[in-house]
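J.: To start, I am sharing the structure in question, which I have written as structure tokens.
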Amino acid sequence: ADVAHGGQLFSANCAACHMGGGNVVNAERTLKQDALEAYLANYSSGHEAAIAYQVTNGKNAMPAFGGKLSEGDIADVAAYVEDMASKGWA
Ligand code: HEM
């Protein structure tokens, strides 16, 4: 997956709600490692796969991107989120 391309996709599609790895809609559900571990389904089974699943399908107030982004794009943005989470979004 192309992390740099994922960063561009994140700015265009995700940052409105997840600026800096936060969450302006549901404040606890950030993209930080501890929140991903606590709230993201199946995160422990495979980090990028779990992120990609939620991006594809959406959840509650988060829209689904499966009809908007290709599978490759979703893999790239998932790799970017995982990379940033592992660095604490610093
Ligand atoms: C949750 C990624 C776009 C709103 C999450 C989570 C991830 C994620 C990994 C799980 C975090 C957690 O549960 O702690 C992304 C990515 C996006 C994107 C990569 C772009 C492709 C958006 C947008 C919105 C949004 C545009 C607002 C319109 C939410 C909300 C949750 C969430 C409300 C919590 C869902 C719930 O558990 O009820 N997002 N997101 N996301 N996201 Fe997004």
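Just so we're on the same page: first chain in the structure tokens is A, next is B, and so on; residues restart at 1 for each chain, and ligands are numbered from 1 in the order they show up.
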Can you list every residue of chain A that has an atom at most 6 Å from ligand 1, with its nearest atom pair and the distance in Å to one decimal, using only C-alpha atoms and all ligand atoms, ordered by chain then number, as a Markdown table?

T.:
```
| residue | atom | partner | partner_atom_place_in_ligand_line | distance |
| --- | --- | --- | --- | --- |
| A:Phe10 | CA | ligand 1 | 20 (C) | 5.6 |
| A:Asn13 | CA | ligand 1 | 20 (C) | 4.8 |
| A:Cys14 | CA | ligand 1 | 20 (C) | 3.6 |
| A:Ala16 | CA | ligand 1 | 26 (C) | 5.9 |
| A:Cys17 | CA | ligand 1 | 27 (C) | 4.6 |
| A:Val25 | CA | ligand 1 | 33 (C) | 4.9 |
| A:Asn26 | CA | ligand 1 | 33 (C) | 5.1 |
| A:Arg29 | CA | ligand 1 | 14 (O) | 3.3 |
| A:Thr30 | CA | ligand 1 | 14 (O) | 4.3 |
| A:Leu31 | CA | ligand 1 | 11 (C) | 4.9 |
| A:Ala35 | CA | ligand 1 | 14 (O) | 4.3 |
| A:Leu36 | CA | ligand 1 | 14 (O) | 4.5 |
| A:Tyr39 | CA | ligand 1 | 13 (O) | 4.3 |
| A:Leu40 | CA | ligand 1 | 13 (O) | 4.5 |
| A:Ile51 | CA | ligand 1 | 9 (C) | 4.6 |
| A:Val55 | CA | ligand 1 | 16 (C) | 5.5 |
| A:Lys59 | CA | ligand 1 | 35 (C) | 5.1 |
| A:Asn60 | CA | ligand 1 | 38 (O) | 4.7 |
| A:Ala61 | CA | ligand 1 | 33 (C) | 4.4 |
| A:Met62 | CA | ligand 1 | 4 (C) | 3.7 |
| A:Val77 | CA | ligand 1 | 19 (C) | 5.7 |
| A:Ala78 | CA | ligand 1 | 19 (C) | 6.0 |
```

J.: Tell me which protein, DNA and RNA residues are within 8 Å of Gly6 (chain A), counting only C-alpha atoms, leaving out same-chain ones fewer than 6 positions away, and put them as a PyMOL selection string.

T.: chain A and resi 73-80

J.: Select, from A:Ala85, A:Gly66, A:Gly7, A:Gly20, the residue with the minimum atom-to-atom distance to Glu37 (chain A), counting only C-alpha atoms.

T.: A:Ala85

J.: Between CA of Gly88 (chain A) and CA of Ser44 (chain A), what is the distance in Å, rounded to a tenth?

T.: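 Computed distance, CA of Gly88 (chain A) to CA of Ser44 (chain A), equals 17.5 Å.
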
J.: Here is a test: counting only C-alpha atoms, which residue of A:Ala27, A:Asp2, A:Ala38, A:Glu48 is nearest to Val81 (chain A)?

T.: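 For Val81 (chain A), the nearest of the candidates is A:Glu48.
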
J.: If you run DSSP on this backbone, which residues of chain A come out as alpha helix (DSSP H), and could you give them as a VMD selection string?

T.: chain A and resid 3 to 13 15 to 18 33 to 39 47 to 57 71 to 86

J.: Using only C-alpha atoms, which residue out of A:Ala90, A:Ala64, A:Ser70, A:Glu82 lies closest to Gln33 (chain A)?

T.: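 Among the listed residues, A:Glu82 lies closest to Gln33 (chain A).
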
J.: Of the candidates A:Met84, A:Ala41, A:Leu69, A:Ala49, which one gets nearest to Ala12 (chain A) if we count only C-alpha atoms?

T.: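 The answer is A:Leu69, which sits nearest to Ala12 (chain A).
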
J.: What is the CA of Trp89 (chain A) to CA of Phe65 (chain A) distance in Å?

T.: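 According to the coordinates, CA of Trp89 (chain A) and CA of Phe65 (chain A) are separated by 22.3 Å.
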
J.: Record the distance separating CA of Lys32 (chain A) and CA of Lys68 (chain A), expressed in Å with one decimal.

T.: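 Separation between CA of Lys32 (chain A) and CA of Lys68 (chain A): 24.4 Å.
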